[in-house]
$ cat target_37.txt   # compact mmCIF, C-alpha atoms
# COMPACT_ATOMS: atom_id res chain seq x y z
CA MET A 312 0.00 0.00 0.00
CA LYS A 313 1.58 3.29 -1.11
CA ARG A 314 1.48 5.80 1.74
CA THR A 315 3.19 8.71 -0.03
CA TRP A 316 2.66 10.13 -3.49
CA THR A 317 5.10 12.56 -5.10
CA PHE A 318 3.23 15.37 -6.84
CA GLN A 319 4.58 17.66 -9.54
CA ALA A 320 4.10 21.32 -10.48
CA GLN A 321 5.16 23.67 -13.24
CA PRO A 322 7.50 26.51 -12.23
CA VAL A 323 5.93 29.96 -11.92
CA ALA A 324 7.56 33.35 -12.34
CA ALA A 325 6.85 37.03 -11.97
CA GLU A 326 9.49 39.73 -12.03
CA PRO A 327 11.86 39.59 -10.14
CA VAL A 328 11.60 35.93 -8.97
CA ARG A 329 10.96 32.43 -10.23
CA VAL A 330 9.52 29.69 -8.03
CA VAL A 331 10.39 26.08 -8.77
CA LEU A 332 8.91 23.10 -6.94
CA LYS A 333 11.66 21.02 -5.39
CA GLN A 334 9.70 18.23 -3.75
CA ALA A 335 6.05 17.55 -2.95
CA ASP A 336 5.55 14.38 -0.89
CA ILE A 337 1.87 13.98 -0.15
CA THR A 338 0.81 11.64 2.64
CA GLN A 339 -2.72 11.07 3.88
CA LYS A 340 -2.73 13.89 6.40
CA THR A 341 0.31 15.99 5.50
CA ALA A 342 1.65 17.56 2.33
CA PHE A 343 5.39 18.13 2.62
CA VAL A 344 6.15 20.80 0.02
CA SER A 345 9.47 22.47 -0.67
CA PHE A 346 10.25 24.98 -3.39
CA THR A 347 13.02 27.38 -4.31
CA VAL A 348 12.65 31.11 -4.88
CA GLU A 349 15.23 32.29 -7.40
CA ASN A 350 16.14 35.91 -7.97
CA THR A 351 15.97 36.35 -11.75
CA SER A 352 16.63 40.10 -11.69
CA GLN A 353 19.93 41.98 -11.80
CA ARG A 354 19.61 43.39 -8.29
CA ALA A 355 19.38 42.02 -4.76
CA VAL A 356 15.83 41.63 -3.46
CA GLN A 357 14.52 41.40 0.10
CA ILE A 358 12.31 38.36 0.58
CA GLU A 359 10.00 37.84 3.53
CA LEU A 360 7.92 34.73 4.16
CA GLY A 361 4.42 34.84 5.62
CA THR A 362 1.94 32.05 6.22
CA PHE A 363 1.38 29.95 3.14
CA SER A 364 -1.83 28.10 2.43
CA LEU A 365 -2.75 25.06 0.41
CA THR A 366 -6.22 24.78 -1.07
CA LEU A 367 -8.07 21.56 -1.88
CA PRO A 368 -10.37 21.44 -4.91
CA ASP A 369 -13.43 21.81 -2.65
CA GLY A 370 -12.05 25.07 -1.24
CA THR A 371 -10.70 23.72 2.05
CA ARG A 372 -7.69 25.81 3.05
CA VAL A 373 -4.81 24.34 5.00
CA SER A 374 -2.13 26.53 6.58
CA GLY A 375 1.50 25.63 6.08
CA LYS A 376 4.12 25.50 8.77
CA THR A 377 7.88 25.54 8.65
CA ALA A 378 9.92 23.09 10.73
CA LEU A 379 9.18 23.27 14.46
CA PHE A 380 12.83 23.96 15.32
CA ASP A 381 13.02 26.86 12.85
CA ARG A 382 9.79 28.35 14.19
CA GLY A 383 11.00 28.04 17.76
CA TYR A 384 14.34 29.62 16.93
CA GLU A 385 12.77 32.50 14.99
CA GLY A 386 10.19 33.08 17.71
CA ALA A 387 12.77 33.11 20.48
CA ARG A 388 15.04 35.39 18.52
CA GLY A 389 12.19 37.79 17.73
CA LEU A 390 11.25 37.92 21.41
CA LEU A 391 14.82 38.67 22.47
CA GLU A 392 15.07 41.39 19.82
CA GLN A 393 11.84 42.93 21.08
CA VAL A 394 13.00 43.16 24.67
CA GLY A 395 16.34 44.50 23.49
CA TRP A 396 18.53 41.69 24.75
CA ILE A 397 20.01 41.13 21.31
CA ASP A 398 20.44 43.39 18.30
CA LYS A 399 18.17 43.11 15.34
CA GLN A 400 19.75 40.97 12.70
CA ALA A 401 20.21 42.67 9.36
CA LYS A 402 18.68 40.46 6.70
CA PRO A 403 20.82 40.35 3.57
CA GLY A 404 18.95 40.53 0.27
CA LEU A 405 18.82 37.62 -2.15
CA LEU A 406 21.57 38.25 -4.67
CA PRO A 407 20.95 38.04 -8.44
CA GLY A 408 20.94 34.45 -9.65
CA LYS A 409 20.79 33.07 -6.11
CA SER A 410 17.89 31.15 -4.65
CA LEU A 411 16.48 30.28 -1.25
CA GLU A 412 14.56 27.20 -0.27
CA VAL A 413 11.22 27.16 1.48
CA ALA A 414 10.06 23.91 3.12
CA LEU A 415 6.51 23.66 4.43
CA ALA A 416 4.21 21.03 5.92
CA PHE A 417 0.46 21.35 5.40
CA ARG A 418 -1.46 19.10 7.79
CA GLN A 419 -5.17 18.41 7.66
CA TYR A 420 -6.87 15.72 9.74
CA GLY A 421 -9.91 13.85 8.58
CA ARG A 422 -9.07 14.12 4.90
CA ASP A 423 -6.88 12.25 2.47
CA LEU A 424 -4.63 14.78 0.78
CA ARG A 425 -3.22 12.17 -1.62
CA ARG A 426 -6.45 11.63 -3.50
CA HIS A 427 -7.03 15.02 -5.14
CA PRO A 428 -6.46 16.00 -8.77
CA THR A 429 -4.91 19.31 -7.70
CA LEU A 430 -3.50 20.89 -4.56
CA THR A 431 -2.94 24.61 -4.94
CA VAL A 432 -0.23 26.38 -2.97
CA ALA A 433 -0.83 30.15 -2.96
CA LEU A 434 2.36 32.21 -3.09
CA ASP A 435 0.90 35.50 -1.90
CA ALA A 436 2.63 34.94 1.44
CA LEU A 437 5.87 35.67 -0.35
CA SER A 438 6.80 39.31 0.13
CA ILE A 439 9.40 40.91 -2.17
CA ASP A 440 10.89 44.25 -1.17
CA GLY A 441 7.95 44.78 1.16
CA HIS A 442 5.24 44.01 -1.39
CA ALA A 443 3.24 40.83 -1.83
CA ALA A 444 4.56 38.86 -4.78
CA LYS A 445 2.21 38.78 -7.75
CA LEU A 446 2.97 35.16 -8.44
CA PRO A 447 0.43 32.64 -9.69
CA PRO A 448 -0.02 29.67 -7.37
CA LEU A 449 1.91 26.43 -7.58
CA VAL A 450 -0.56 23.83 -8.78
CA LEU A 451 0.47 20.40 -7.55
CA THR A 452 -0.77 17.45 -9.58
CA PRO A 453 -0.46 13.73 -8.78
CA PRO A 454 1.65 11.41 -10.91
CA PRO A 455 -0.10 9.64 -13.78
CA GLY A 456 -2.01 6.62 -12.54
CA ALA A 457 -2.41 7.82 -8.96
CA PRO A 458 -5.83 6.89 -7.59
CA LEU A 459 -8.15 9.85 -7.08
CA GLY A 460 -11.13 10.18 -4.75
CA GLU A 461 -10.94 10.23 -0.97
CA ASP A 462 -12.83 6.96 -0.55
CA ILE A 463 -10.08 5.03 -2.27
CA MET B 1367 12.04 12.95 11.17
CA ARG B 1368 9.09 12.20 8.96
CA THR B 1369 6.17 10.27 10.35
CA GLN B 1370 6.67 7.33 7.98
CA ARG B 1371 9.12 5.60 10.35
CA LEU B 1372 6.95 5.95 13.44
CA PRO B 1373 4.83 2.79 12.91
CA LEU B 1374 7.90 0.57 13.06
CA ILE B 1375 9.15 2.24 16.22
CA ALA B 1376 5.71 2.00 17.82
CA ALA B 1377 5.29 -1.65 16.87
CA PHE B 1378 8.63 -2.49 18.42
CA ALA B 1379 7.83 -0.59 21.61
CA LEU B 1380 4.46 -2.31 21.96
CA ALA B 1381 5.99 -5.72 21.33
CA CYS B 1382 8.35 -5.05 24.22
CA LEU B 1383 5.45 -4.14 26.50
CA HIS B 1384 3.53 -7.24 25.63
CA VAL B 1385 2.77 -9.53 28.55
CA GLY B 1386 0.07 -11.85 29.77
CA CYS B 1387 -2.73 -13.78 28.14
CA ALA B 1388 -5.50 -12.56 25.97
CA VAL B 1389 -9.19 -11.96 26.44
CA ASN B 1390 -10.67 -11.59 23.04
CA VAL B 1391 -13.77 -9.49 23.56
CA SER B 1392 -12.60 -5.89 23.27
CA GLU B 1393 -12.46 -3.72 20.16
CA VAL B 1394 -10.61 -0.67 21.54
CA ARG B 1395 -10.49 1.39 18.35
CA SER B 1396 -12.38 4.18 16.72
CA ALA B 1397 -15.32 3.53 14.45
CA ARG B 1398 -13.47 5.31 11.66
CA VAL B 1399 -12.11 2.74 9.24
CA LEU B 1400 -8.49 3.49 8.38
CA ARG B 1401 -7.73 5.06 5.03
CA GLY B 1402 -5.57 3.26 2.52
CA GLY B 1403 -2.08 2.81 3.94
CA GLU B 1404 -2.95 4.27 7.33
CA ILE B 1405 -1.56 2.19 10.22
CA GLN B 1406 -2.87 1.80 13.75
CA VAL B 1407 -0.94 0.01 16.49
CA SER B 1408 -2.40 -0.72 19.93
CA GLU B 1409 -1.40 -2.39 23.16
CA VAL B 1410 -4.54 -3.35 25.06
CA ASN B 1411 -5.01 -4.72 28.57
CA ASN B 1412 -8.26 -6.35 29.69
CA ILE B 1413 -9.75 -7.66 32.86
CA VAL B 1414 -12.72 -9.97 32.60
CA LEU B 1415 -14.72 -9.62 35.80
CA PRO B 1416 -16.29 -12.78 37.22
CA SER B 1417 -19.95 -13.21 36.41
CA ARG B 1418 -22.47 -13.92 39.15
CA ALA B 1419 -22.89 -17.48 37.85
CA ILE B 1420 -19.21 -18.18 38.31
CA GLU B 1421 -19.11 -16.51 41.72
CA ASN B 1422 -21.98 -18.72 42.83
CA SER B 1423 -20.23 -21.87 41.67
CA ILE B 1424 -16.92 -20.93 43.26
CA HIS B 1425 -18.06 -20.97 46.91
CA PRO B 1426 -19.11 -24.63 47.11
CA ALA B 1427 -16.06 -25.57 45.04
CA LYS B 1428 -13.73 -23.78 47.46
CA SER B 1429 -15.31 -25.65 50.40
CA ALA B 1430 -14.88 -28.91 48.55
CA ALA B 1431 -11.26 -28.09 47.72
CA SER B 1432 -10.42 -27.40 51.36
CA ALA B 1433 -12.05 -30.68 52.39
CA ALA B 1434 -10.29 -32.69 49.68
CA GLY B 1435 -7.10 -33.15 51.69
CA SER B 1436 -8.78 -34.51 54.80
CA ARG B 1437 -11.59 -36.80 53.62
CA GLU B 1438 -13.27 -38.50 50.68
CA LEU B 1439 -15.38 -36.01 48.71
CA THR B 1440 -19.05 -36.56 48.13
CA GLU B 1441 -20.45 -36.81 44.63
CA GLU B 1442 -21.96 -33.32 45.02
CA GLU B 1443 -18.62 -31.83 46.07
CA ARG B 1444 -16.81 -33.46 43.14
CA ARG B 1445 -19.44 -32.08 40.81
CA ALA B 1446 -19.00 -28.58 42.30
CA LEU B 1447 -15.24 -28.76 41.76
CA VAL B 1448 -15.55 -29.90 38.15
CA GLY B 1449 -18.19 -27.27 37.37
CA ALA B 1450 -16.24 -24.39 38.92
CA ALA B 1451 -12.93 -25.32 37.30
CA THR B 1452 -14.58 -25.67 33.91
CA SER B 1453 -16.38 -22.34 34.27
CA VAL B 1454 -13.21 -20.54 35.26
CA ALA B 1455 -11.18 -22.07 32.45
CA LEU B 1456 -13.70 -21.49 29.66
CA THR B 1457 -15.53 -18.29 30.53
CA GLY B 1458 -13.89 -17.15 33.68
CA PRO B 1459 -12.21 -14.05 34.94
CA GLY B 1460 -8.67 -12.97 34.39
CA TYR B 1461 -6.23 -10.46 33.03
CA GLY B 1462 -5.24 -10.41 29.42
CA ALA B 1463 -3.23 -8.30 27.04
CA HIS B 1464 -2.99 -8.21 23.31
CA SER B 1465 -1.34 -6.13 20.63
CA ASP B 1466 -3.27 -5.10 17.56
CA ILE B 1467 -1.91 -3.81 14.30
CA ALA B 1468 -4.35 -2.56 11.70
CA VAL B 1469 -3.83 -1.23 8.22
CA GLY B 1470 -6.17 0.62 5.91
CA LEU B 1471 -6.75 -1.33 2.71
CA GLY B 1472 -8.47 1.47 0.86
CA TYR B 1473 -12.03 1.58 -0.44
CA ARG B 1474 -13.24 1.92 3.20
CA TYR B 1475 -11.83 -1.42 4.34
CA ASP B 1476 -9.26 -2.09 7.01
CA ALA B 1477 -7.72 -5.29 8.35
CA GLN B 1478 -6.38 -5.98 11.81
CA LEU B 1479 -4.05 -8.59 13.25
CA ARG B 1480 -4.45 -9.34 16.96
CA VAL B 1481 -1.78 -11.22 18.84
CA GLY B 1482 -1.63 -12.02 22.54
CA ASN B 1483 -0.41 -14.94 24.56
CA GLY B 1484 -2.84 -17.55 23.43
CA ILE B 1485 -4.77 -15.54 20.87
CA TYR B 1486 -4.24 -14.98 17.18
CA GLY B 1487 -6.99 -13.07 15.41
CA LEU B 1488 -7.72 -11.40 12.10
CA SER B 1489 -10.49 -8.92 11.47
CA LEU B 1490 -11.88 -7.04 8.53
CA ARG B 1491 -14.03 -3.89 8.73
CA ARG B 1492 -16.06 -1.97 6.19
CA GLY B 1493 -16.69 1.72 6.87
CA PHE B 1494 -19.68 3.84 5.96
CA ASP B 1495 -19.66 7.55 5.23
CA LEU B 1496 -21.52 9.63 7.83
CA GLY B 1497 -19.62 12.85 7.20
CA ARG B 1498 -16.34 14.19 8.48
CA ARG B 1499 -17.04 13.74 12.20
CA TYR B 1500 -19.26 10.68 12.50
CA HIS B 1501 -18.30 7.22 11.37
CA ALA B 1502 -19.81 3.76 11.21
CA ALA B 1503 -18.32 0.35 10.54
CA LEU B 1504 -19.30 -3.28 10.25
CA GLY B 1505 -16.71 -5.92 10.96
CA LEU B 1506 -15.96 -9.54 11.54
CA ARG B 1507 -13.14 -11.30 13.31
CA GLY B 1508 -11.89 -14.84 13.43
CA ALA B 1509 -9.54 -15.79 16.23
CA TYR B 1510 -7.90 -18.82 17.72
CA ASN B 1511 -7.87 -18.60 21.49
CA SER B 1512 -6.18 -20.98 23.90
CA GLY B 1513 -8.41 -19.60 26.67
CA SER B 1514 -5.68 -19.50 29.26
CA ILE B 1515 -5.84 -17.24 32.30
CA PHE B 1516 -2.95 -15.06 33.40
CA VAL B 1517 -3.99 -14.26 36.95
CA GLU B 1518 -4.63 -17.27 39.13
CA TYR B 1519 -8.22 -16.67 40.16
CA VAL B 1520 -9.10 -19.70 42.27
CA GLY B 1521 -5.91 -21.66 42.54
CA GLU B 1522 -7.26 -24.06 45.18
CA VAL B 1523 -9.93 -25.21 42.71
CA THR B 1524 -7.99 -25.19 39.46
CA ASP B 1525 -5.10 -27.05 41.10
CA LEU B 1526 -7.41 -29.97 41.85
CA VAL B 1527 -9.31 -30.03 38.57
CA ARG B 1528 -7.21 -29.03 35.59
CA VAL B 1529 -8.67 -27.94 32.28
CA SER B 1530 -6.03 -28.12 29.56
CA LYS B 1531 -5.55 -28.43 25.80
CA ILE B 1532 -8.14 -25.74 25.22
CA HIS B 1533 -8.72 -25.15 21.51
CA ARG B 1534 -11.20 -22.36 21.01
CA PHE B 1535 -12.25 -20.47 17.90
CA ASP B 1536 -13.92 -17.08 18.33
CA GLY B 1537 -16.03 -15.88 15.42
CA GLN B 1538 -17.21 -12.32 15.93
CA LEU B 1539 -19.56 -9.98 14.13
CA PHE B 1540 -19.68 -6.37 15.29
CA ALA B 1541 -21.01 -2.95 14.38
CA GLN B 1542 -19.57 0.37 15.48
CA LEU B 1543 -20.74 3.97 15.52
CA GLY B 1544 -18.55 6.82 16.64
CA ALA B 1545 -17.28 10.36 16.39
CA GLU B 1546 -13.84 11.89 16.11
CA PHE B 1547 -12.99 15.30 17.50
CA GLY B 1548 -10.11 16.91 15.68
CA GLU B 1549 -6.88 15.11 16.37
CA TRP B 1550 -7.40 14.76 20.11
CA GLY B 1551 -10.50 12.73 20.87
CA LYS B 1552 -12.49 9.72 19.70
CA LEU B 1553 -15.68 8.15 21.04
CA TRP B 1554 -17.39 4.98 19.92
CA LEU B 1555 -19.99 2.42 20.84
CA GLY B 1556 -21.01 -0.80 19.26
CA ALA B 1557 -22.73 -4.15 19.36
CA LYS B 1558 -21.00 -7.50 19.19
CA GLY B 1559 -21.92 -11.14 18.85
CA MET B 1560 -19.43 -13.95 19.28
CA VAL B 1561 -19.67 -17.69 18.76
CA SER B 1562 -16.96 -19.87 20.26
CA PRO B 1563 -16.79 -23.56 19.41
CA LEU B 1564 -14.21 -25.15 21.66
CA SER B 1565 -12.71 -28.35 22.89
CA ALA B 1566 -10.74 -29.04 26.06
CA ARG B 1567 -9.45 -31.82 28.25
CA ILE B 1568 -10.52 -31.92 31.88
CA ASP B 1569 -8.42 -33.81 34.38
CA ALA B 1570 -10.07 -34.49 37.74
CA ARG B 1571 -8.05 -37.56 38.70
CA SER B 1572 -6.83 -35.93 41.91
CA VAL B 1573 -10.41 -35.99 43.23
CA GLY B 1574 -11.05 -39.46 41.92
CA VAL B 1575 -13.23 -38.59 38.95
CA GLY B 1576 -10.88 -39.25 36.01
CA THR B 1577 -10.45 -37.39 32.72
CA ASP B 1578 -12.86 -36.32 30.02
CA GLU B 1579 -12.85 -34.46 26.70
CA LEU B 1580 -15.14 -31.46 26.33
CA ASN B 1581 -16.73 -30.21 23.13
CA THR B 1582 -19.18 -27.35 23.17
CA THR B 1583 -20.09 -23.96 21.74
CA LEU B 1584 -20.39 -20.79 23.79
CA TRP B 1585 -22.28 -17.70 22.64
CA HIS B 1586 -21.70 -14.09 23.65
CA TYR B 1587 -23.77 -11.07 22.66
CA GLY B 1588 -23.76 -7.50 23.92
CA GLY B 1589 -22.11 -4.16 23.38
CA PHE B 1590 -19.20 -1.92 24.14
CA VAL B 1591 -18.47 1.75 24.60
CA GLY B 1592 -15.07 3.39 24.49
CA GLY B 1593 -13.03 6.47 23.93
CA ALA B 1594 -9.55 7.74 23.21
CA ILE B 1595 -7.78 10.91 24.16
CA GLY B 1596 -4.41 12.04 22.93
CA TYR B 1597 -2.91 14.02 20.12
CA ARG B 1598 -2.19 13.22 16.50
CA TRP B 1599 -0.22 9.99 16.76
CA LEU B 1600 -0.64 8.70 20.29
CA TYR B 1601 -3.80 8.12 22.31
CA LEU B 1602 -4.80 6.64 25.64
CA VAL B 1603 -7.74 4.34 25.02
CA GLY B 1604 -10.38 2.83 27.27
CA GLU B 1605 -13.40 0.66 26.65
CA VAL B 1606 -15.97 -1.35 28.56
CA THR B 1607 -17.50 -4.43 27.00
CA VAL B 1608 -20.55 -6.11 28.48
CA LEU B 1609 -21.55 -9.43 26.95
CA GLY B 1610 -24.16 -11.96 27.93
CA ALA B 1611 -22.81 -15.50 27.75
CA SER B 1612 -24.83 -18.62 27.09
CA GLY B 1613 -23.97 -22.24 26.61
CA SER B 1614 -23.33 -25.37 28.56
CA VAL B 1615 -20.77 -28.13 28.66
CA LYS B 1616 -21.10 -31.81 29.36
CA ALA B 1617 -18.39 -33.46 31.45
CA PHE B 1618 -18.37 -36.83 33.20
CA GLY B 1619 -22.00 -37.28 32.22
CA ASP B 1620 -23.21 -34.07 33.85
CA ARG B 1621 -24.13 -30.86 32.09
CA TYR B 1622 -22.71 -27.59 33.48
CA ASP B 1623 -24.24 -24.21 32.71
CA MET B 1624 -21.76 -21.64 31.38
CA SER B 1625 -24.17 -18.73 31.08
CA GLY B 1626 -23.65 -15.40 32.80
CA VAL B 1627 -22.51 -11.87 32.08
CA VAL B 1628 -18.99 -11.02 30.99
CA ILE B 1629 -17.85 -7.51 31.93
CA ALA B 1630 -14.50 -6.59 30.47
CA PRO B 1631 -12.91 -3.19 31.01
CA SER B 1632 -9.98 -2.56 28.67
CA TRP B 1633 -7.32 0.12 28.51
CA GLY B 1634 -4.13 0.76 26.63
CA LEU B 1635 -2.20 2.84 24.19
CA MET B 1636 -2.99 3.40 20.54
CA GLY B 1637 -0.80 4.92 17.86
CA VAL B 1638 -2.18 6.12 14.53
CA PHE B 1639 0.22 6.85 11.69
$ encode --input "target_37.txt" --output "structure tokens"
Amino acid sequence: MKRTWTFQAQPVAAEPVRVVLKQADITQKTAFVSFTVENTSQRAVQIELGTFSLTLPDGTRVSGKTALFDRGYEGARGLLEQVGWIDKQAKPGLLPGKSLEVALAFRQYGRDLRRHPTLTVALDALSIDGHAAKLPPLVLTPPPGAPLGEDI
Amino acid sequence: MRTQRLPLIAAFALACLHVGCAVNVSEVRSARVLRGGEIQVSEVNNIVLPSRAIENSIHPAKSAASAAGSRELTEEERRALVGAATSVALTGPGYGAHSDIAVGLGYRYDAQLRVGNGIYGLSLRRGFDLGRRYHAALGLRGAYNSGSIFVEYVGEVTDLVRVSKIHRFDGQLFAQLGAEFGEWGKLWLGAKGMVSPLSARIDARSVGVGTDELNTTLWHYGGFVGGAIGYRWLYLVGEVTVLGASGSVKAFGDRYDMSGVVIAPSWGLMGVF
């Protein structure tokens, strides 16, 4: 019995970045999705990450989370910066031609995420130079032959 | 670490915990049938409480057992000893433990393997769609059960009259209805019927009666209610099963009534991956 399906997606782009799916392992309750954000412009860009969401074909939205350790570290660091115990860290921009990787887990109980014809990851949580990126979503599709329908 | 490796770790941990003999009446799982590839691992402990019928047969048997060392037993006392020992061995109280591993087969079916000391069972369930929260299932189970008892309940009786070579098949049919609350809670109830053809050897030579082979069929019918609380992968589970028992067994020319009520509280740990 196959517990994990690897989905695919076409790259999407909008000046000044290009987003390429790296891996999409879809289990029953969790979609593990990682993608790279590549700076395709000639200048450095500041990239901020918000809360990403994945949408099922019936409109159910699932929030994505980064790794627990990363969230804990970022949270603790933000708290210490706020109380002034440590200095704010200057965030270097993403240099031209360079890319950063984003790894997310979307978990939804009571459903079977593997059995859908599309899973749509909205990229509006990606902020470039302080503005929301105008990127189309990443549309994840199952491999040919994968069974569809949650009752399977 | 991804969750894919957790079932193996959980199965190993539960195998290490496994002790005791099995009492094959509990279900101890949600009414939601597992989805294709989903795995559920449980370690379940049961206690079967003595029914009133057994309690009533034990008292005269205990008196007979204490008299056995000092004088010749009467026919009535021998009969009491044989009846009590047989009741305890075949339907009687005791502690049991079993490990269950279930896997979703897809198309709303799941299969479960149950292994305890003395019990080897397989079950198949079919689920029915009642929405996202509520679930229903119909299932059947076939199990071989040696019927042994882990906790010595009435040693003074069973030492005198030994029931051995128990070969028992449990055929069960059950229905479940339940609800799941997010990833933290599950409740279920159900009805169960069980038919148990069995054979055993009874040895009462120490009280001068001899040996005999038993062949009979016991019937159980009743219900169960249970729940689980935990988070995501690991849950504490509890369940109470109440079954009426009927049947009788013929030994040494006499027929002994095996009917009564079986009350079996169960508890344990359940992992869902």
$ residues_around --input "target_37.txt" --residues "Tyr1597 (chain B)" --least-positions-apart "4" --cutoff "7 Å" --atoms "only C-alpha atoms" --output "list in words"
Glu1549, Trp1550 and Tyr1601 of chain B
$ write_last_selection --input "target_37.txt" --atoms "C-alpha atoms" --output "mmCIF file, keeping the file's coordinate frame"
data_model
loop_
_atom_site.group_PDB
_atom_site.id
_atom_site.type_symbol
_atom_site.label_atom_id
_atom_site.label_comp_id
_atom_site.auth_asym_id
_atom_site.auth_seq_id
_atom_site.Cartn_x
_atom_site.Cartn_y
_atom_site.Cartn_z
ATOM 1 C CA GLU B 1549 -6.880 15.110 16.370
ATOM 2 C CA TRP B 1550 -7.400 14.760 20.110
ATOM 3 C CA TYR B 1601 -3.800 8.120 22.310
#
$ atom_distance --input "target_37.txt" --atom1 "CA of Asp1623 (chain B)" --atom2 "CA of Val1561 (chain B)"
16.1 Å
$ residues_around --input "target_37.txt" --residues "Ile439 (chain A)" --least-positions-apart "2" --cutoff "8 Å" --atoms "only C-alpha atoms" --output "mmCIF file with C-alpha atoms, in the frame of the given file"
data_model
loop_
_atom_site.group_PDB
_atom_site.id
_atom_site.type_symbol
_atom_site.label_atom_id
_atom_site.label_comp_id
_atom_site.auth_asym_id
_atom_site.auth_seq_id
_atom_site.Cartn_x
_atom_site.Cartn_y
_atom_site.Cartn_z
ATOM 1 C CA VAL A 356 15.830 41.630 -3.460
ATOM 2 C CA GLN A 357 14.520 41.400 0.100
ATOM 3 C CA ILE A 358 12.310 38.360 0.580
ATOM 4 C CA GLU A 359 10.000 37.840 3.530
ATOM 5 C CA LEU A 437 5.870 35.670 -0.350
ATOM 6 C CA GLY A 441 7.950 44.780 1.160
ATOM 7 C CA HIS A 442 5.240 44.010 -1.390
ATOM 8 C CA ALA A 443 3.240 40.830 -1.830
ATOM 9 C CA ALA A 444 4.560 38.860 -4.780
#
$ residues_around --input "target_37.txt" --residues "Ile1413 (chain B)" --least-positions-apart "2" --cutoff "7 Å" --atoms "only C-alpha atoms" --output "VMD selection string"
chain B and resid 1415 1460 to 1462 1630 to 1632
$ write_last_selection --input "target_37.txt" --atoms "C-alpha atoms" --output "short mmCIF file (atom, residue, chain, number, x, y, z; two decimals), keeping the file's coordinate frame"
data_model
loop_
_atom_site.label_atom_id
_atom_site.label_comp_id
_atom_site.auth_asym_id
_atom_site.auth_seq_id
_atom_site.Cartn_x
_atom_site.Cartn_y
_atom_site.Cartn_z
CA LEU B 1415 -14.72 -9.62 35.80
CA GLY B 1460 -8.67 -12.97 34.39
CA TYR B 1461 -6.23 -10.46 33.03
CA GLY B 1462 -5.24 -10.41 29.42
CA ALA B 1630 -14.50 -6.59 30.47
CA PRO B 1631 -12.91 -3.19 31.01
CA SER B 1632 -9.98 -2.56 28.67
#
$ interface_residues --input "target_37.txt" --of "chain A" --to "chain B" --cutoff "7 Å" --atoms "only C-alpha atoms" --output "VMD selection string"
chain A and resid 312 to 314 420 to 421 462 to 463
$ residues_around --input "target_37.txt" --residues "Leu424 (chain A)" --least-positions-apart "3" --cutoff "9 Å" --atoms "all atoms listed in the file" --output "list in words"
Ile337, Thr338, Gln339, Lys340, Thr341, Ala342, Leu367, Arg418, Gln419, His427, Leu430 and Glu461 of chain A
$ atom_distance --input "target_37.txt" --atom1 "CA of Phe343 (chain A)" --atom2 "CA of Phe318 (chain A)"
10.1 Å
$ residues_around --input "target_37.txt" --residues "Gln334 (chain A)" --least-positions-apart "2" --cutoff "7 Å" --atoms "only C-alpha atoms" --output "list in words"
Leu332, Asp336, Val344, Ser345 and Phe346 of chain A
$ atom_distance --input "target_37.txt" --atom1 "CA of Glu412 (chain A)" --atom2 "CA of Arg354 (chain A)"
18.8 Å
$ closest_residue --input "target_37.txt" --among "B:Asp1578, B:Ala1617, B:Ile1595, B:Ile1532" --to "Trp1633 (chain B)" --atoms "all atoms listed in the file"
B:Ile1595
$ closest_residue --input "target_37.txt" --among "A:Ala335, A:Val413, A:Leu449, A:Leu459" --to "Pro428 (chain A)" --atoms "all atoms listed in the file"
A:Leu459
